[in-house]
$ cat work_11.txt   # compact mmCIF, C-alpha atoms
# COMPACT_ATOMS: atom_id res chain seq x y z
CA MET J 1284 91.13 -10.86 57.28
CA LYS J 1285 89.32 -9.24 54.37
CA VAL J 1286 86.60 -7.81 56.56
CA LYS J 1287 89.15 -6.42 59.00
CA PHE J 1288 91.09 -4.86 56.17
CA ILE J 1289 88.00 -3.20 54.69
CA ILE J 1290 87.02 -1.82 58.09
CA ASN J 1291 90.53 -0.46 58.62
CA LEU J 1292 90.46 1.04 55.15
CA ILE J 1293 87.12 2.79 55.75
CA VAL J 1294 88.26 4.11 59.13
CA LEU J 1295 91.51 5.38 57.66
CA ILE J 1296 89.85 7.11 54.70
CA SER J 1297 87.18 8.73 56.84
CA LEU J 1298 89.87 9.89 59.29
CA ILE J 1299 91.94 11.44 56.50
CA SER J 1300 88.95 13.18 54.96
CA THR J 1301 87.79 14.47 58.36
CA ILE J 1302 91.19 15.85 59.32
CA SER J 1303 91.94 17.42 55.96
CA TRP J 1304 88.63 18.83 54.90
CA ALA J 1305 86.65 19.63 58.07
CA GLU J 1306 85.20 23.13 57.65
CA THR J 1307 85.94 25.56 60.41
CA VAL J 1308 84.99 29.17 60.87
CA THR J 1309 86.76 31.72 63.06
CA VAL J 1310 85.06 34.30 65.27
CA ILE J 1311 85.79 37.82 63.95
CA THR J 1312 84.05 39.87 66.63
CA LYS J 1313 85.45 40.64 70.08
CA GLU J 1314 82.82 38.43 71.63
CA ASN J 1315 79.75 36.59 70.42
CA ALA J 1316 77.29 33.90 71.40
CA ILE J 1317 76.43 30.41 70.22
CA ARG J 1318 72.68 30.14 70.51
CA GLU J 1319 70.21 27.32 70.88
CA PHE J 1320 68.25 28.30 67.77
CA PRO J 1321 69.12 30.32 64.65
CA ARG J 1322 67.63 33.52 66.09
CA PHE J 1323 69.20 36.65 67.60
CA PHE J 1324 67.57 36.34 71.00
CA ALA J 1325 67.61 32.54 71.37
CA PRO J 1326 69.11 31.22 74.64
CA VAL J 1327 72.91 31.39 74.79
CA LYS J 1328 74.70 28.04 74.91
CA ALA J 1329 78.29 29.33 74.88
CA ILE J 1330 80.23 32.58 74.67
CA VAL J 1331 82.96 32.71 72.05
CA LYS J 1332 85.82 35.18 71.67
CA TYR J 1333 87.77 36.67 68.78
CA THR J 1334 89.76 34.01 66.84
CA ASP J 1335 87.98 31.05 68.46
CA ALA J 1336 87.67 28.30 65.85
CA LEU J 1337 84.28 26.63 65.46
CA ASP J 1338 83.51 23.43 63.57
CA VAL J 1339 80.72 23.91 61.07
CA ILE J 1340 77.97 21.30 61.01
CA THR J 1341 75.56 22.94 58.57
CA LYS J 1342 74.48 26.34 57.31
CA GLU J 1343 70.88 27.43 57.77
CA GLY J 1344 70.10 30.73 56.07
CA ASP J 1345 72.20 33.43 57.73
CA TRP J 1346 73.26 31.09 60.53
CA PHE J 1347 75.95 28.47 60.92
CA LYS J 1348 75.23 25.45 63.06
CA VAL J 1349 78.54 24.95 64.83
CA LYS J 1350 80.31 22.87 67.45
CA PHE J 1351 82.53 24.53 70.04
CA LYS J 1352 83.96 22.69 73.05
CA ASN J 1353 81.33 19.95 72.79
CA LYS J 1354 78.50 22.48 72.63
CA ILE J 1355 76.39 22.65 69.50
CA GLY J 1356 74.42 25.72 68.51
CA TYR J 1357 74.04 28.58 66.06
CA ILE J 1358 76.09 31.65 65.28
CA HIS J 1359 75.30 34.40 62.76
CA ARG J 1360 77.33 34.32 59.55
CA THR J 1361 78.57 37.91 60.02
CA ALA J 1362 80.23 37.00 63.33
CA VAL J 1363 82.53 34.46 61.71
CA GLU J 1364 84.78 34.02 58.74
CA LYS J 1365 85.85 30.90 56.88
CA ARG J 1366 89.53 30.25 57.29
CA THR J 1367 92.23 27.66 56.66
CA VAL J 1368 92.13 23.91 57.36
CA LYS J 1369 93.68 22.90 60.66
CA ALA J 1370 95.72 19.87 59.54
CA SER J 1371 97.26 21.65 56.63
CA VAL J 1372 98.12 24.65 58.76
CA ILE J 1373 100.22 22.36 60.96
CA SER J 1374 102.24 21.31 57.93
CA LEU J 1375 102.66 24.96 56.96
CA GLN J 1376 103.81 25.85 60.45
CA LYS J 1377 106.53 23.26 60.27
CA LYS J 1378 107.66 24.33 56.84
CA SER J 1379 107.65 28.06 57.08
CA GLY J 1380 107.76 28.70 60.81
CA THR J 1381 104.64 30.82 60.59
CA THR J 1382 101.66 30.52 62.91
CA GLU J 1383 97.99 30.13 62.16
CA ASP J 1384 97.40 33.70 63.31
CA GLU J 1385 99.79 34.99 60.73
CA ILE J 1386 98.04 33.06 58.01
CA THR J 1387 94.70 34.44 59.06
CA LEU J 1388 96.12 37.94 59.58
CA ALA J 1389 94.55 38.31 63.00
CA GLY J 1390 96.23 41.03 64.99
CA LYS J 1391 98.25 42.32 62.07
CA GLY J 1392 98.05 45.71 60.44
CA PHE J 1393 96.30 48.46 62.38
CA ASN J 1394 96.30 46.80 65.77
CA PRO J 1395 96.48 47.76 69.48
CA GLN J 1396 100.22 48.46 69.13
CA VAL J 1397 99.57 50.97 66.34
CA GLU J 1398 96.73 52.57 68.31
CA LYS J 1399 98.95 52.85 71.41
CA ALA J 1400 101.72 54.53 69.40
CA TYR J 1401 99.19 56.89 67.78
CA ARG J 1402 97.77 57.79 71.20
CA ASN J 1403 101.25 58.46 72.54
CA LYS J 1404 101.90 60.74 69.58
CA TYR J 1405 98.61 62.61 70.08
CA PRO J 1406 97.68 62.44 73.78
CA GLU J 1407 95.00 65.11 73.23
CA MET J 1408 92.82 62.63 71.28
CA LYS J 1409 89.61 61.87 73.15
CA TYR J 1410 90.04 58.13 73.47
CA ASP J 1411 88.59 58.29 76.96
CA LEU J 1412 85.25 59.28 75.39
CA VAL J 1413 85.53 56.53 72.80
CA ASP J 1414 86.06 53.97 75.57
CA LYS J 1415 83.04 55.41 77.35
CA VAL J 1416 80.86 55.20 74.22
CA GLU J 1417 81.92 51.58 73.67
CA LYS J 1418 80.43 50.80 77.05
CA TYR J 1419 77.00 52.04 75.92
CA ASP J 1420 75.08 48.81 75.82
CA ILE J 1421 71.52 47.57 75.94
CA SER J 1422 70.81 44.18 77.48
CA GLU J 1423 68.97 41.62 75.37
CA LYS J 1424 66.13 41.65 77.86
CA ASP J 1425 65.73 45.44 77.54
CA LEU J 1426 65.98 45.30 73.76
CA ILE J 1427 63.26 42.64 73.56
CA SER J 1428 61.00 44.79 75.78
CA PHE J 1429 61.78 47.82 73.59
CA ILE J 1430 60.83 45.90 70.43
CA LYS J 1431 57.60 44.56 71.91
CA ALA J 1432 56.50 47.89 73.38
CA GLY J 1433 57.03 49.58 70.03
CA GLY J 1434 55.10 46.96 68.05
CA LEU J 1435 58.25 46.23 66.04
CA SER J 1436 59.36 42.99 64.37
CA GLU J 1437 61.80 40.75 66.24
CA PRO J 1438 64.87 40.34 64.02
CA ARG J 1439 65.65 36.86 62.70
CA MET I 58 98.50 -12.13 53.30
CA LYS I 59 100.55 -10.94 50.31
CA LYS I 60 97.43 -9.36 48.89
CA PHE I 61 96.85 -7.55 52.17
CA ILE I 62 100.42 -6.21 52.30
CA PHE I 63 100.13 -5.09 48.67
CA ALA I 64 96.83 -3.35 49.39
CA LEU I 65 98.31 -1.67 52.47
CA VAL I 66 101.33 -0.39 50.51
CA LEU I 67 98.99 0.85 47.79
CA LEU I 68 96.82 2.58 50.36
CA LEU I 69 99.83 4.24 51.96
CA CYS I 70 100.94 5.41 48.53
CA ILE I 71 97.50 6.82 47.83
CA CYS I 72 97.41 8.46 51.25
CA SER I 73 100.87 9.94 50.91
CA CYS I 74 100.01 11.16 47.42
CA LYS I 75 96.94 12.82 48.84
CA THR I 76 98.99 14.40 51.62
CA VAL I 77 101.50 15.73 49.11
CA ASP I 78 98.66 17.11 47.02
CA ILE I 79 97.05 18.79 50.01
CA ASN I 80 100.34 20.27 51.14
CA LYS I 81 101.10 21.43 47.64
CA ALA I 82 97.66 22.91 47.31
CA MET I 83 98.01 24.63 50.66
CA ASP I 84 101.48 25.90 49.77
CA ILE I 85 99.97 27.46 46.66
CA THR I 86 97.12 28.85 48.73
CA PHE I 87 99.54 30.24 51.31
CA THR I 88 101.71 31.81 48.65
CA ALA I 89 98.58 33.30 47.12
CA LEU I 90 97.49 34.52 50.54
CA GLN I 91 100.83 36.20 51.11
CA ALA I 92 100.73 37.72 47.64
CA THR I 93 97.19 38.95 48.17
CA GLU I 94 98.11 40.33 51.55
CA LYS I 95 100.97 42.25 50.02
CA ALA I 96 99.00 43.41 47.03
CA ALA I 97 95.40 44.11 47.78
CA ARG I 98 93.81 42.55 50.82
CA PRO I 99 91.01 44.68 52.18
CA VAL I 100 91.06 46.29 55.61
CA SER I 101 90.01 43.59 58.09
CA ASP I 102 87.15 44.04 60.56
CA GLU I 103 89.66 44.34 63.40
CA GLU I 104 91.63 47.03 61.57
CA GLU I 105 88.40 48.81 60.70
CA TYR I 106 87.62 48.88 64.42
CA TYR I 107 90.89 50.63 65.33
CA VAL I 108 90.46 53.13 62.49
CA GLY I 109 86.90 53.85 63.65
CA ARG I 110 88.04 54.45 67.23
CA ALA I 111 90.62 56.96 66.03
CA VAL I 112 88.05 58.74 63.82
CA ALA I 113 85.68 59.03 66.80
CA ALA I 114 88.53 60.22 69.09
CA ARG I 115 89.29 62.98 66.57
CA LEU I 116 85.64 63.97 66.13
CA PHE I 117 85.33 64.37 69.89
CA LEU I 118 87.99 67.08 69.63
CA TYR I 119 85.60 69.16 67.51
CA TYR I 120 82.26 68.17 69.05
CA PRO I 121 81.70 67.73 72.80
CA ILE I 122 79.76 64.69 73.92
CA TYR I 123 76.24 65.09 75.31
CA GLU I 124 75.60 62.94 78.33
CA ASN I 125 72.06 62.07 79.28
CA GLN I 126 71.93 58.39 80.17
CA GLU I 127 68.21 57.90 79.52
CA LEU I 128 68.42 59.50 76.10
CA ILE I 129 71.63 57.58 75.32
CA ASN I 130 69.90 54.29 76.21
CA TYR I 131 66.95 55.18 74.00
CA ILE I 132 69.12 56.12 71.01
CA ASN I 133 71.14 52.93 71.47
CA SER I 134 67.97 50.82 71.64
CA VAL I 135 66.75 52.25 68.32
CA GLY I 136 70.19 52.04 66.69
CA LYS I 137 71.11 48.55 67.85
CA PHE I 138 67.69 47.26 66.82
CA VAL I 139 68.03 48.76 63.34
CA ALA I 140 71.55 47.29 63.07
CA LEU I 141 70.15 43.84 63.83
CA ASN I 142 67.91 44.31 60.82
CA SER I 143 70.82 45.22 58.56
CA GLU I 144 72.96 42.87 56.48
CA ARG I 145 75.80 43.21 59.00
CA PRO I 146 74.34 42.93 62.49
CA PHE I 147 77.75 42.20 64.01
CA THR I 148 80.94 44.19 63.68
CA PHE I 149 84.22 43.56 65.53
CA GLY I 150 83.40 45.97 68.36
CA GLY I 151 79.63 46.24 67.89
CA TYR I 152 77.41 49.28 67.27
CA HIS I 153 77.43 52.18 69.72
CA PHE I 154 75.51 55.42 69.34
CA ALA I 155 76.56 58.66 71.01
CA ILE I 156 75.13 62.19 71.04
CA LEU I 157 77.18 65.27 70.20
CA ASN I 158 76.37 68.46 72.05
CA SER I 159 76.03 70.61 68.96
CA GLU I 160 73.14 72.38 67.26
CA GLU I 161 74.68 71.63 63.87
CA ILE I 162 72.54 69.18 61.90
CA ASN I 163 74.89 66.26 61.37
CA ALA I 164 75.62 62.60 61.98
CA PHE I 165 78.81 60.60 61.49
CA ALA I 166 79.34 56.92 60.83
CA CYS I 167 82.76 55.95 62.13
CA PRO I 168 84.14 52.75 60.59
CA GLY I 169 83.37 49.69 62.67
CA GLY I 170 80.10 50.84 64.17
CA ILE I 171 80.44 53.96 66.33
CA VAL I 172 77.74 56.39 65.19
CA LEU I 173 77.70 59.99 66.40
CA ILE I 174 74.59 62.13 66.06
CA THR I 175 74.29 65.80 66.97
CA LYS I 176 71.54 67.27 69.12
CA GLY I 177 70.66 69.42 66.10
CA MET I 178 70.03 66.30 64.04
CA LEU I 179 67.95 64.74 66.82
CA LYS I 180 65.77 67.85 66.81
CA LEU I 181 65.13 67.35 63.10
CA ALA I 182 63.35 64.05 63.81
CA ASN I 183 59.67 64.15 64.71
CA SER I 184 59.12 60.49 65.56
CA GLU I 185 60.98 57.32 66.51
CA ASP I 186 60.57 56.11 62.92
CA GLU I 187 62.36 59.23 61.67
CA LEU I 188 65.11 58.81 64.25
CA ALA I 189 65.46 55.18 63.09
CA ALA I 190 65.75 56.44 59.50
CA ILE I 191 68.62 58.78 60.41
CA LEU I 192 70.49 56.04 62.30
CA ALA I 193 69.75 53.47 59.58
CA HIS I 194 71.37 55.73 56.99
CA GLU I 195 74.55 55.88 59.11
CA ILE I 196 74.47 52.12 59.72
CA ALA I 197 74.29 51.62 55.95
CA HIS I 198 77.49 53.70 55.58
CA VAL I 199 79.17 51.44 58.17
CA ASN I 200 77.96 48.30 56.39
CA HIS I 201 79.11 49.57 53.00
CA ARG I 202 82.48 50.45 54.54
CA ASP I 203 82.20 53.89 52.96
CA GLY I 204 84.52 55.44 55.55
CA ILE I 205 87.19 52.80 55.03
CA ASN I 206 86.83 53.13 51.26
CA SER I 207 87.74 56.80 51.48
CA ILE I 208 91.28 55.88 52.58
CA LYS I 209 93.59 56.61 49.68
CA GLN I 210 94.52 53.39 47.92
CA ALA I 211 98.22 54.26 47.74
CA ARG I 212 98.26 54.68 51.51
CA TRP I 213 96.78 51.24 52.10
CA ILE I 214 99.13 49.59 49.62
CA GLU I 215 102.05 51.15 51.49
CA ALA I 216 100.63 49.82 54.76
CA LEU I 217 100.34 46.35 53.26
CA SER I 218 103.95 46.41 52.16
CA ILE I 219 104.93 46.85 55.83
CA ILE I 220 102.35 44.43 57.21
CA GLY I 221 103.30 41.82 54.61
CA THR I 222 107.00 41.88 55.39
CA THR I 223 106.63 41.68 59.16
CA ALA I 224 106.38 38.12 60.45
CA ALA I 225 105.48 38.96 64.05
CA LYS I 226 102.40 40.73 65.36
CA GLN I 227 104.63 43.24 67.19
CA TYR I 228 106.32 45.76 64.93
CA GLY I 229 109.86 47.05 65.28
CA ASP I 230 110.37 50.79 65.88
CA GLU I 231 110.93 51.68 62.23
CA ASP I 232 107.93 49.76 60.88
CA LEU I 233 105.76 51.01 63.73
CA LEU I 234 106.63 54.63 62.98
CA LYS I 235 105.76 54.15 59.31
CA LEU I 236 102.50 52.37 60.15
CA VAL I 237 101.46 55.07 62.61
CA ASN I 238 102.03 57.71 59.94
CA ILE I 239 99.90 55.71 57.49
CA PHE I 240 97.26 55.18 60.18
CA GLU I 241 97.21 58.93 60.83
CA GLY I 242 96.91 59.64 57.10
CA SER I 243 94.02 57.17 56.85
CA ILE I 244 92.17 58.96 59.66
CA ASP I 245 92.75 62.26 57.85
CA ASP I 246 91.31 60.79 54.63
CA ILE I 247 88.16 59.64 56.43
CA LEU I 248 87.67 62.88 58.37
CA LYS I 249 88.10 64.92 55.22
CA THR I 250 85.32 62.86 53.66
CA LEU I 251 83.09 63.04 56.72
CA ILE I 252 83.47 66.75 57.42
CA VAL I 253 84.51 68.45 54.19
CA ASN I 254 83.85 66.53 50.97
CA GLY I 255 81.14 64.05 51.89
CA TYR I 256 80.62 60.65 50.31
CA SER I 257 79.88 60.30 46.62
CA ARG I 258 76.34 60.67 45.30
CA THR I 259 76.33 56.93 44.55
CA GLN I 260 77.32 56.09 48.13
CA GLU I 261 74.63 58.38 49.54
CA TYR I 262 71.94 56.96 47.27
CA ALA I 263 72.98 53.42 48.18
CA ALA I 264 72.79 54.28 51.91
CA ASP I 265 69.32 55.81 51.41
CA GLU I 266 68.10 52.73 49.55
CA LYS I 267 69.39 50.40 52.26
CA THR I 268 67.73 52.59 54.89
CA LEU I 269 64.33 51.84 53.35
CA GLN I 270 65.05 48.11 53.56
CA TYR I 271 66.27 48.20 57.17
CA LEU I 272 63.24 50.24 58.25
CA ALA I 273 60.78 47.95 56.47
CA LYS I 274 62.39 44.82 57.92
CA ALA I 275 62.37 46.29 61.43
CA GLY I 276 58.73 47.27 61.28
CA TYR I 277 59.32 51.02 61.02
CA ASN I 278 57.66 53.13 58.35
CA PRO I 279 60.14 53.51 55.44
CA ASN I 280 58.40 56.77 54.50
CA ALA I 281 60.02 58.24 57.61
CA LEU I 282 63.20 58.76 55.58
CA ILE I 283 61.29 60.87 53.04
CA ASN I 284 59.83 62.93 55.90
CA VAL I 285 63.33 63.62 57.27
CA LEU I 286 64.67 64.51 53.83
CA GLU I 287 61.78 66.86 53.15
CA ARG I 288 62.39 68.66 56.42
CA LEU I 289 66.08 68.79 55.62
CA SER I 290 65.37 70.36 52.25
CA LEU I 291 63.81 73.33 54.03
CA ILE I 292 67.15 74.15 55.60
CA ALA I 293 69.17 76.64 53.62
CA LYS I 294 72.32 75.51 51.82
CA SER I 295 74.30 77.82 54.04
CA GLY I 296 73.30 75.72 57.00
CA GLY I 297 76.52 73.70 56.87
CA GLY I 298 76.74 70.28 58.51
CA ILE I 299 74.96 67.53 56.65
CA ILE I 300 73.69 69.91 53.94
CA LYS I 301 77.25 70.76 52.98
CA THR I 302 78.40 67.15 52.63
CA HIS I 303 75.34 65.48 51.11
CA PRO I 304 73.75 65.57 47.65
CA ASP I 305 70.75 67.80 47.08
CA THR I 306 67.90 66.45 49.20
CA ALA I 307 65.37 66.89 46.37
CA ASP I 308 67.48 64.55 44.23
CA ARG I 309 67.70 62.05 47.07
CA ILE I 310 63.91 62.05 47.41
CA ILE I 311 63.48 61.53 43.64
CA ASN I 312 65.93 58.63 43.77
CA LEU I 313 63.79 56.89 46.39
CA LYS I 314 60.43 57.39 44.70
CA ASP I 315 60.23 54.01 42.94
CA LYS I 316 62.15 52.13 45.61
CA MET I 317 59.72 52.44 48.49
CA PRO I 318 58.93 48.97 49.91
CA SER I 319 55.25 48.24 50.45
CA VAL I 320 54.57 47.67 54.14
CA SER I 321 51.51 47.73 56.33
CA ILE I 322 51.89 50.15 59.21
CA ASP I 323 50.17 49.57 62.54
CA ILE I 324 48.98 53.08 63.42
CA ASN I 325 48.57 52.29 67.11
CA ALA I 326 52.12 50.93 67.35
CA PHE I 327 53.37 54.02 65.51
CA LYS I 328 51.57 56.26 68.03
CA GLU I 329 53.12 54.31 70.92
CA ARG I 330 56.58 54.74 69.44
CA THR I 331 56.03 58.44 68.86
CA LYS I 332 54.82 58.78 72.44
CA ARG I 333 58.02 57.27 73.84
CA PHE I 334 60.09 59.30 71.36
CA ASN I 335 58.45 62.50 72.66
CA SER I 336 59.03 61.46 76.24
CA PHE I 337 62.78 61.27 75.59
CA LEU I 338 63.27 64.02 73.05
CA LYS I 339 60.54 66.58 73.36
CA SER I 340 60.52 66.87 77.10

$ encode --input "work_11.txt" --output "structure tokens"
Amino acid sequence: MKVKFIINLIVLISLISTISWAETVTVITKENAIREFPRFFAPVKAIVKYTDALDVITKEGDWFKVKFKNKIGYIHRTAVEKRTVKASVISLQKKSGTTEDEITLAGKGFNPQVEKAYRNKYPEMKYDLVDKVEKYDISEKDLISFIKAGGLSEPR
Amino acid sequence: MKKFIFALVLLLCICSCKTVDINKAMDITFTALQATEKAARPVSDEEEYYVGRAVAARLFLYYPIYENQELINYINSVGKFVALNSERPFTFGGYHFAILNSEEINAFACPGGIVLITKGMLKLANSEDELAAILAHEIAHVNHRDGINSIKQARWIEALSIIGTTAAKQYGDEDLLKLVNIFEGSIDDILKTLIVNGYSRTQEYAADEKTLQYLAKAGYNPNALINVLERLSLIAKSGGGIIKTHPDTADRIINLKDKMPSVSIDINAFKERTKRFNSFLKS
């Protein structure tokens, strides 16, 4: 009986501590990658989107080792932000009727709705060019070739 | 058995106490979060992105875009690589570099990572390392959030009072109208800084100092920034553009004198880079 009780006790305590204090980080870029190693051009293990929550395993220099949908890998610290604890957020949702997004402020303030209203007010603004510029992109493969050809240092 | 039941009750008490404590702590945190949001939370990365897009959309009214896909790809390769060597390699919408079809010597860092550089400024550079120095300086302004910091504080506090009182992500007509006006005012503040007043001397010096670090880390020659500044100093004050909005170039060079990182430069690699620079920009 004693042994069973102690086991139950340990399981219960570890469960409580896991639920309440597990560290999560939230993706704060439109899109980013979880990589196999803590390096910019390491193979991609998963693509993450804005507001995706990742469980932190460890921190290694500028990189977080994280778990996302059963995939473990690395993401750069500037692509994520530490935010609130899941379990406690649930209790807050019940109490105040707010959502996690509201707590974390995602989507509030100057957001797509504000931009749309601003564009309607000033249709002459050259947003078409901004959208075009945002499509200017260099593939990782091309950037690696560019770095090598120029005798430059691969970023870490 | 009695002992077990007693222990279980005790455990439940402890657990419930812990839960209460956590909830209480989180309530305090949430209240603090709300208070901070209302009082002085900074502009988020997402908000910075929308402000930056509007700043770029306005700048394109004054400066036409220059479209040459090969050159654009080259500029973006240099810029994105330098950004990866900065302290903020990722922004909400990423870094994008565009060329303005203007002979004025100027470059603009829009909040969030859109960097606009004029053809006149490109002509000032004599090598890839110098081009990297110009872009690195703008990336430093993005990283330091210098554009965002030029938004008048009172304006942002007013915005927060609306954001803080709205529970939903979608605003009602009245709040939306107020926010759009504040948004517009914020864009005006930034453009006034970018085009008319310039950043403070401290902000410019800080951007120059960071430029040296980015260049050294990337493998470029940090002295390239000095070369660009020296060439810039030859341009008369009446030249407008960057000369009008930046501190005296001689002072900027003096500021960097004892801050130059020691790096070993591979001359052959430098020549290769200059060769590809010339193929894109001098042809």

$ interface_residues --input "work_11.txt" --of "chain J" --to "chain I" --cutoff "7 Å" --atoms "all atoms listed in the file" --output "compact mmCIF listing (two decimals) with C-alpha atoms, keeping the file's coordinate frame"
# COMPACT_ATOMS: atom_id res chain seq x y z
CA ILE J 1311 85.79 37.82 63.95
CA THR J 1312 84.05 39.87 66.63
CA LYS J 1313 85.45 40.64 70.08
CA THR J 1361 78.57 37.91 60.02
CA ALA J 1362 80.23 37.00 63.33
CA SER J 1371 97.26 21.65 56.63
CA GLY J 1390 96.23 41.03 64.99
CA LYS J 1391 98.25 42.32 62.07
CA GLY J 1392 98.05 45.71 60.44
CA PHE J 1393 96.30 48.46 62.38
CA ASN J 1394 96.30 46.80 65.77
CA VAL J 1397 99.57 50.97 66.34
CA GLU J 1398 96.73 52.57 68.31
CA ALA J 1400 101.72 54.53 69.40
CA TYR J 1401 99.19 56.89 67.78
CA MET J 1408 92.82 62.63 71.28
CA LYS J 1409 89.61 61.87 73.15
CA TYR J 1410 90.04 58.13 73.47
CA VAL J 1413 85.53 56.53 72.80
CA VAL J 1416 80.86 55.20 74.22
CA GLU J 1417 81.92 51.58 73.67
CA TYR J 1419 77.00 52.04 75.92
CA ILE J 1421 71.52 47.57 75.94
CA LEU J 1426 65.98 45.30 73.76
CA GLY J 1433 57.03 49.58 70.03
CA GLY J 1434 55.10 46.96 68.05
CA LEU J 1435 58.25 46.23 66.04
CA SER J 1436 59.36 42.99 64.37
CA PRO J 1438 64.87 40.34 64.02

$ residues_around --input "work_11.txt" --residues "Gly1344 of chain J" --least-positions-apart "6" --cutoff "10 Å" --atoms "only C-alpha atoms" --output "PyMOL selection string"
chain J and resi 1321+1359-1360

$ residues_around --input "work_11.txt" --residues "Val1308 of chain J" --least-positions-apart "6" --cutoff "8 Å" --atoms "only C-alpha atoms" --output "ChimeraX atom specification"
/J:1336-1339,1363-1366

$ atom_distance --input "work_11.txt" --atom1 "atom CA of Lys1431 of chain J" --atom2 "atom CA of Asp186 of chain I"
14.9 Å

$ atom_distance --input "work_11.txt" --atom1 "atom CA of Ile244 of chain I" --atom2 "atom CA of Thr268 of chain I"
25.7 Å

$ closest_residue --input "work_11.txt" --among "J:Glu1343, J:Thr1309, J:Lys1287, J:Phe1324" --to "Ser1428 of chain J" --atoms "only C-alpha atoms"
J:Phe1324

$ atom_distance --input "work_11.txt" --atom1 "atom CA of Lys1328 of chain J" --atom2 "atom CA of Trp1346 of chain J"
14.8 Å

$ closest_residue --input "work_11.txt" --among "I:Arg212, I:Lys316, I:Arg98, I:Lys267" --to "Ser243 of chain I" --atoms "only C-alpha atoms"
I:Arg212

$ build_atoms --input "work_11.txt" --residues "segment 1325-1336 of chain J" --atoms "N, CA and C atoms" --output "compact mmCIF listing (two decimals), keeping the file's coordinate frame"
# COMPACT_ATOMS: atom_id res chain seq x y z
N ALA J 1325 67.75 33.91 70.85
CA ALA J 1325 67.61 32.54 71.37
C ALA J 1325 68.56 32.36 72.56
N PRO J 1326 68.24 31.42 73.46
CA PRO J 1326 69.11 31.22 74.64
C PRO J 1326 70.57 30.96 74.25
N VAL J 1327 71.46 31.52 75.07
CA VAL J 1327 72.91 31.39 74.79
C VAL J 1327 73.43 30.06 75.33
N LYS J 1328 74.13 29.32 74.47
CA LYS J 1328 74.70 28.04 74.91
C LYS J 1328 76.19 28.18 75.26
N ALA J 1329 76.86 29.11 74.58
CA ALA J 1329 78.29 29.33 74.88
C ALA J 1329 78.70 30.71 74.40
N ILE J 1330 79.66 31.29 75.09
CA ILE J 1330 80.23 32.58 74.67
C ILE J 1330 81.54 32.29 73.95
N VAL J 1331 81.72 32.91 72.80
CA VAL J 1331 82.96 32.71 72.05
C VAL J 1331 83.68 34.06 71.91
N LYS J 1332 84.99 33.96 71.76
CA LYS J 1332 85.82 35.18 71.67
C LYS J 1332 86.51 35.25 70.31
N TYR J 1333 87.05 36.42 70.03
CA TYR J 1333 87.77 36.67 68.78
C TYR J 1333 88.83 35.58 68.54
N THR J 1334 88.85 35.07 67.35
CA THR J 1334 89.76 34.01 66.84
C THR J 1334 89.43 32.59 67.32
N ASP J 1335 88.38 32.42 68.12
CA ASP J 1335 87.98 31.05 68.46
C ASP J 1335 87.58 30.32 67.18
N ALA J 1336 88.01 29.09 67.05
CA ALA J 1336 87.67 28.30 65.85
C ALA J 1336 86.47 27.41 66.16
